[in-house]
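A quick write-up on the structure given underneath.
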Amino acid sequence: MEANPVTTAADALTALAARAAALDAADPLAGVRERFLLPEGVIYLDGNSLGALPAAVPPVLQDAVQRQWGTDLVRSWNDNGWWQAPQRVGDAIGRLIGAAAGQTVVGESTSVQLFNALTAASRLRPGRPLLLTDPDHFPTDQYIADSVGRLLGLEVRRVPARELSAALAADGERVAVAAYAPVDYRTGERYDMAALTEAAHRAGALILWDLCHAAGALPVELDGIGADFAVGCGYKYLSGGPGAPAFLYLAHRHQGSFDQPLTGWHGHAEPFAMEGRYRPAPDIARARIGTPPLLSLLALEAALTAFDGVEMAQVRAKNVSLTGFFLDCADLLLDGLGFTAATPRSPELRGSQVSLRHPEAYPLVQALVARGVIGDMRAPDLLRFGVNGLYVSHTEVLEAVRQLREVAVSGEHRGERYQQRATVT
């Protein structure tokens, strides 16, 4: 006789609940959750789009607005360290991405940083007509690669990350820059940054890494692997807030020859000399452009204090545990309901999210959101659940999958209210 599916699910839930409780009890990062202001009754699994609010941010913003701006006014550029903030916050991020001081700067949007870095990197390899990028890259990365290609007269060739080493070995002497991400934003698949960086360098090419789905989620040893350039946003795993400025990593060895395409006055060797011709700063300051969004920049700086005393290896271990547990829960509770895992099973091949495929991904996610379980979807059929080990627990992961099972079994996602697509998915 076949087992009763209700009994099987109930037994699985009991076993999974005990396992989640044990994992959470042994979690060395459990107390870090208190550094975030999480809404009651919400399971937040969309930190790969917008990180949760760190408790340190509101008082810093209040001070920045009321005292630094309201009282100290323009004097804050000197008295409150506004001028130094892009490099100061850059060094704070550098500690999370394996970058020694003086190689990371913060202040523009991710798109602007990508354009600057990709253009400057391509200029460092004159006579090489190829720019490689991933056909599965985030759309902005692909759009900017195409734009830089038109601007500089380069051929943009799309090569999947898993085929990059072979492409470099075959045609590497023609490649100026390879622009890739260590984590696939759709599926959460992780690639070997060290191996791909080495492959690019063997071919004499440079490599630009987009760390938007890696910074703050897993150890990134930029100096250790000999990376050339890297860009990343401040609002995902770094939890810097909506529209938080992005960072640019520029290895020391490239700073003297970095030809900034957008030559704003903050990158000048002597900004307040007010010269009519541009002279780049001799160090990472040449990667600055114009006046940064100070309120957002100070919010990001405060958000980064959530990592105080935390090793990235601990965050990585927790995220691997959470994603592995999520996949186990999905195997046991979602079997036969039309879901398939898009995220690799092997821990070393996973980033910090789990993506499930289902033909009704959008309404399923919307029904979950209505229940207080927040994830997102990416066209055409991916449900994405990002985990941040600083504030997500195994018990929450189990409850999220349990709720997803209830939605799928009941069919409530087929209600009309969940079929209407919002602008942001």
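Ordering of the structure tokens sets the chain letters (A, B, ...); residue numbers start at 1 within each chain; ligands are numbered from 1 in the order shown.
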Excluding same-chain residues fewer than 5 positions from Ser346 in chain A, what lies within 10 Å of it counting only C-alpha atoms, as a list in words?
Glu189, Arg190, Val320 and Gly324 of chain A
Any chance you could tabulate, as JSON lines, the residues of range 198-297 of chain A at most 7 Å from range 88-109 of chain A with each one's nearest atom pair and distance in Å to one decimal, using only C-alpha atoms, in chain and rising number order?
{"residue": "A:Ala215", "atom": "CA", "partner": "A:Ile97", "partner_atom": "CA", "distance": 6.3}
{"residue": "A:Gly216", "atom": "CA", "partner": "A:Leu96", "partner_atom": "CA", "distance": 6.4}
{"residue": "A:Pro219", "atom": "CA", "partner": "A:Ile97", "partner_atom": "CA", "distance": 6.5}
{"residue": "A:Val220", "atom": "CA", "partner": "A:Ile97", "partner_atom": "CA", "distance": 4.6}
{"residue": "A:Glu221", "atom": "CA", "partner": "A:Gly98", "partner_atom": "CA", "distance": 4.1}
{"residue": "A:Leu222", "atom": "CA", "partner": "A:Gly98", "partner_atom": "CA", "distance": 5.2}
{"residue": "A:Asp223", "atom": "CA", "partner": "A:Ala99", "partner_atom": "CA", "distance": 5.5}
{"residue": "A:Pro245", "atom": "CA", "partner": "A:Gly107", "partner_atom": "CA", "distance": 5.2}
{"residue": "A:Ala246", "atom": "CA", "partner": "A:Ser109", "partner_atom": "CA", "distance": 5.2}
{"residue": "A:Phe247", "atom": "CA", "partner": "A:Val106", "partner_atom": "CA", "distance": 4.3}
{"residue": "A:Leu248", "atom": "CA", "partner": "A:Val105", "partner_atom": "CA", "distance": 5.5}
{"residue": "A:Tyr249", "atom": "CA", "partner": "A:Thr104", "partner_atom": "CA", "distance": 4.4}
{"residue": "A:Leu250", "atom": "CA", "partner": "A:Gln103", "partner_atom": "CA", "distance": 5.2}
{"residue": "A:Ala251", "atom": "CA", "partner": "A:Gln103", "partner_atom": "CA", "distance": 5.7}
{"residue": "A:His252", "atom": "CA", "partner": "A:Gln103", "partner_atom": "CA", "distance": 6.2}
{"residue": "A:Ile284", "atom": "CA", "partner": "A:Gln103", "partner_atom": "CA", "distance": 5.8}
{"residue": "A:Pro292", "atom": "CA", "partner": "A:Gly107", "partner_atom": "CA", "distance": 4.9}
{"residue": "A:Pro293", "atom": "CA", "partner": "A:Gly107", "partner_atom": "CA", "distance": 6.9}
What's the 9 Å shell around range 369-378 of chain A, counting only C-alpha atoms, without same-chain residues fewer than 3 positions away, as number ranges by chain?
A: 41-47, 49, 186, 355, 361-362, 364-366, 381-386, 399-400, 403-404, 425
With C-alpha atoms kept, could you save the residues just selected as a short mmCIF file (atom, residue, chain, number, x, y, z; two decimals), in the first residue's frame?
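out_7.cif, written as the output of this step:
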data_model
loop_
_atom_site.label_atom_id
_atom_site.label_comp_id
_atom_site.auth_asym_id
_atom_site.auth_seq_id
_atom_site.Cartn_x
_atom_site.Cartn_y
_atom_site.Cartn_z
CA GLY A 41 5.28 38.26 10.91
CA VAL A 42 7.43 38.47 7.78
CA ILE A 43 9.89 35.91 6.44
CA TYR A 44 12.25 37.91 4.29
CA LEU A 45 13.95 35.94 1.52
CA ASP A 46 14.57 38.75 -0.95
CA GLY A 47 17.83 40.13 0.41
CA SER A 49 17.32 42.21 -4.30
CA ARG A 186 18.82 33.88 -11.91
CA SER A 355 15.78 29.25 -7.40
CA ALA A 361 6.13 31.29 -10.83
CA TYR A 362 4.67 34.79 -10.74
CA LEU A 364 2.96 31.61 -6.68
CA VAL A 365 5.36 34.30 -5.47
CA GLN A 366 2.55 36.83 -5.15
CA ASP A 381 9.54 30.73 -14.62
CA LEU A 382 11.93 31.26 -11.68
CA LEU A 383 10.95 31.69 -8.04
CA ARG A 384 13.98 33.18 -6.26
CA PHE A 385 14.65 32.96 -2.54
CA GLY A 386 17.74 34.79 -1.30
CA GLU A 399 8.15 27.78 7.12
CA ALA A 400 8.61 29.44 3.73
CA GLN A 403 3.71 27.96 2.99
CA LEU A 404 4.69 27.41 -0.63
CA THR A 425 8.42 41.34 -10.14
#
What is the distance, in Å and to one decimal place, between CA of Val315 in chain A and CA of Leu390 in chain A?
7.0 Å
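If only C-alpha atoms are the atoms counted, then among A:Leu13, A:Ala20, A:Arg174, A:Val32 the closest residue to Gly309 in chain A is A:Val32.
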I'd like the neighbourhood of Ser76 in chain A as a PyMOL selection string, where a residue qualifies if any of its atoms comes within 12 Å (using only C-alpha atoms), though same-chain residues fewer than 3 positions away should be ignored.
chain A and resi 63-73+79-85+294
Run DSSP on the backbone of this structure and report the residues of range 87-193 of chain A it assigns to helix (DSSP H, G or I), as a ChimeraX atom specification.
/A:87-94,110-123,139-152,161-174,193
Skip Pro182 in chain A itself and residues of its chain fewer than 4 positions away, then list as a list in words all residues within 7 Å of it, counting only C-alpha atoms.
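Surrounding residues, per the criterion: Arg190, Tyr191, Asp192, Met193, Leu211 and Ala214 of chain A.
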Near His268 in chain A, counting only C-alpha atoms, which residues have an atom at most 7 Å away, once you skip same-chain residues fewer than 4 positions from it, shown as a ChimeraX atom specification?
/A:278-281,286
